[in-house]
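So the structure is just underneath, and the comments pick up after that.
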Amino acid sequence: MEGTKPVNKKLAAALSGGAVLVLALTGCTSDEGNKELDAWAKKVCDAVPAQNAKISAAYVAITKAAKDTTSTPKELQEADSKAFQDLAEGYKARASLISGAGAPPGVENGAKVQQDVVKKLTSLSAAYADLKERVDKLDTKDQGKFASGLKDVSAEMKQVETQRQSAVTALKKLESGDTKKALTSQEGCKQAAEASGAAGATGS
């Protein structure tokens, strides 16, 4: 099993650092705001804590598996497979949530920015689904083949990280200006921001 551990640690490293996509930047506002925009923000924020919890737990699970020197190839495969599935489902749910909420009312280029976020989150979800399929196909009975396959998965993770960063950038555009004020006034997004801050402190 030793041959797979350095590889899986690289896999975990590729996942660390700002793992959870928070839909609201930290901060509060006392402005009256736009009632229609506030209603949109509520749609977006209500499900965010549960989605972030699922995404965060998946990253933690992968990191834990990487550090567990007693795991067999089969156990490692199962842990990573479930984590990638949870990430795929978590980001797909986030994309569906934002898509269902529609464009933020009264925001310049709101529809374009919203659609860009949905597109990138959907792509990120698909990328994690592909990683799950690749992990599921790894040969756990052959130590050498398993380590080699895990190395390939680690390499693909670097590309997925680029996609994640692109999604983060798109989300930040959605979070700017009046939209940010509306989102940060919602309890769900406040909870997500606080939870993400705590997770960030642990490197998850």
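Chain labels run A, B, ... following the order of the structure tokens; each chain numbers its residues from 1, and ligands are numbered from 1 in the order shown.
Non-sequential neighbours of range 156-173 of chain A (distance at most 6 Å, separation of 3 or more positions within a chain, only C-alpha atoms) are A:Val117, A:Lys120, A:Val153, A:Ser176.
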Need to verify the contact set: Tyr91 in chain A, 7 Å, only C-alpha atoms, exclusion of same-chain residues closer than 2 positions in sequence. Can you return it as a PDB file with N, CA, C and O atoms, in the first residue's frame?
```
ATOM      1  N   LEU A  87     -19.112  15.191  -4.516  1.00  0.00           N
ATOM      2  CA  LEU A  87     -18.717  16.468  -5.107  1.00  0.00           C
ATOM      3  C   LEU A  87     -19.503  16.726  -6.389  1.00  0.00           C
ATOM      4  O   LEU A  87     -19.975  17.836  -6.634  1.00  0.00           O
ATOM      5  N   ALA A  88     -19.631  15.692  -7.200  1.00  0.00           N
ATOM      6  CA  ALA A  88     -20.394  15.833  -8.446  1.00  0.00           C
ATOM      7  C   ALA A  88     -21.841  16.217  -8.144  1.00  0.00           C
ATOM      8  O   ALA A  88     -22.407  17.120  -8.778  1.00  0.00           O
ATOM      9  N   GLU A  89     -22.434  15.552  -7.160  1.00  0.00           N
ATOM     10  CA  GLU A  89     -23.825  15.830  -6.799  1.00  0.00           C
ATOM     11  C   GLU A  89     -23.963  17.205  -6.150  1.00  0.00           C
ATOM     12  O   GLU A  89     -24.935  17.928  -6.398  1.00  0.00           O
ATOM     13  N   ALA A  93     -26.147  20.197  -7.751  1.00  0.00           N
ATOM     14  CA  ALA A  93     -27.252  20.790  -6.987  1.00  0.00           C
ATOM     15  C   ALA A  93     -27.095  22.301  -6.923  1.00  0.00           C
ATOM     16  O   ALA A  93     -28.074  23.049  -7.035  1.00  0.00           O
ATOM     17  N   ARG A  94     -25.846  22.763  -6.763  1.00  0.00           N
ATOM     18  CA  ARG A  94     -25.590  24.202  -6.725  1.00  0.00           C
ATOM     19  C   ARG A  94     -25.939  24.847  -8.065  1.00  0.00           C
ATOM     20  O   ARG A  94     -26.572  25.911  -8.121  1.00  0.00           O
ATOM     21  N   ALA A  95     -25.564  24.183  -9.153  1.00  0.00           N
ATOM     22  CA  ALA A  95     -25.878  24.699 -10.486  1.00  0.00           C
ATOM     23  C   ALA A  95     -27.388  24.743 -10.704  1.00  0.00           C
ATOM     24  O   ALA A  95     -27.920  25.734 -11.236  1.00  0.00           O
ATOM     25  N   LEU A 121     -20.376  25.553 -13.091  1.00  0.00           N
ATOM     26  CA  LEU A 121     -20.644  24.603 -12.009  1.00  0.00           C
ATOM     27  C   LEU A 121     -21.072  23.251 -12.580  1.00  0.00           C
ATOM     28  O   LEU A 121     -20.705  22.199 -12.049  1.00  0.00           O
ATOM     29  N   THR A 122     -21.840  23.279 -13.653  1.00  0.00           N
ATOM     30  CA  THR A 122     -22.267  22.041 -14.310  1.00  0.00           C
ATOM     31  C   THR A 122     -21.062  21.299 -14.867  1.00  0.00           C
ATOM     32  O   THR A 122     -20.951  20.073 -14.761  1.00  0.00           O
ATOM     33  N   LEU A 124     -18.006  21.552 -13.766  1.00  0.00           N
ATOM     34  CA  LEU A 124     -17.229  21.068 -12.623  1.00  0.00           C
ATOM     35  C   LEU A 124     -17.838  19.785 -12.073  1.00  0.00           C
ATOM     36  O   LEU A 124     -17.119  18.835 -11.744  1.00  0.00           O
ATOM     37  N   SER A 125     -19.148  19.749 -12.001  1.00  0.00           N
ATOM     38  CA  SER A 125     -19.836  18.542 -11.549  1.00  0.00           C
ATOM     39  C   SER A 125     -19.522  17.358 -12.457  1.00  0.00           C
ATOM     40  O   SER A 125     -19.227  16.252 -11.984  1.00  0.00           O
TER      41      SER A 125
END
```
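Across the structure, CA of Ser81 in chain A and CA of Lys132 in chain A are spaced 4.9 Å apart.
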Proximity to Pro49 in chain A - best of A:Leu37, A:Gln143, A:Gly90, A:Leu131, only C-alpha atoms: A:Gly90
What does the distance from CA of Phe84 in chain A to CA of Tyr128 in chain A come to in Å, to one decimal? 5.4 Å
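Nearest-residue note for Glu133 in chain A: choosing from A:Glu75, A:Asp38, A:Glu194, A:Asp80, the minimum distance belongs to A:Asp80, counting only C-alpha atoms.
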Atom pair CA of Phe146 in chain A / CA of Ala126 in chain A: separation (Å):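 Distance between the two atoms: 23.1 Å.
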Between A:Ala103, A:Ala83, A:Leu76, A:Ala41, which one has atoms that come closest to Ala58 in chain A, using only C-alpha atoms? A:Ala83
Given only C-alpha atoms as the basis, pick out the residue of A:Lys74, A:Lys54, A:Lys190, A:Lys112 nearest to Lys137 in chain A.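 Once distances to Lys137 in chain A are computed over only C-alpha atoms, the minimum belongs to A:Lys74.
The residue set within 12 Å of Gly110 in chain A, counting only C-alpha atoms and dropping same-chain residues fewer than 3 places from it, reads Leu37, Trp40, Ile98, Ala101, Gly102, Ala103, Pro104, Pro105, Gly106, Val107, Val113, Gln114, Gln115, Asp116, Val117, Ala170, Leu171, Lys173, Leu174, Glu175, Ser176, Gly177, Asp178 and Thr179 of chain A.
Residue nearest Ala193 in chain A, chosen from A:Leu138, A:Ala66, A:Cys45, A:Asp86 and counting only C-alpha atoms: A:Cys45.
Nearest residue to Gly144 in chain A, choosing from A:Lys43, A:Ser185, A:Pro73, A:Ser99 and counting only C-alpha atoms: A:Pro73.
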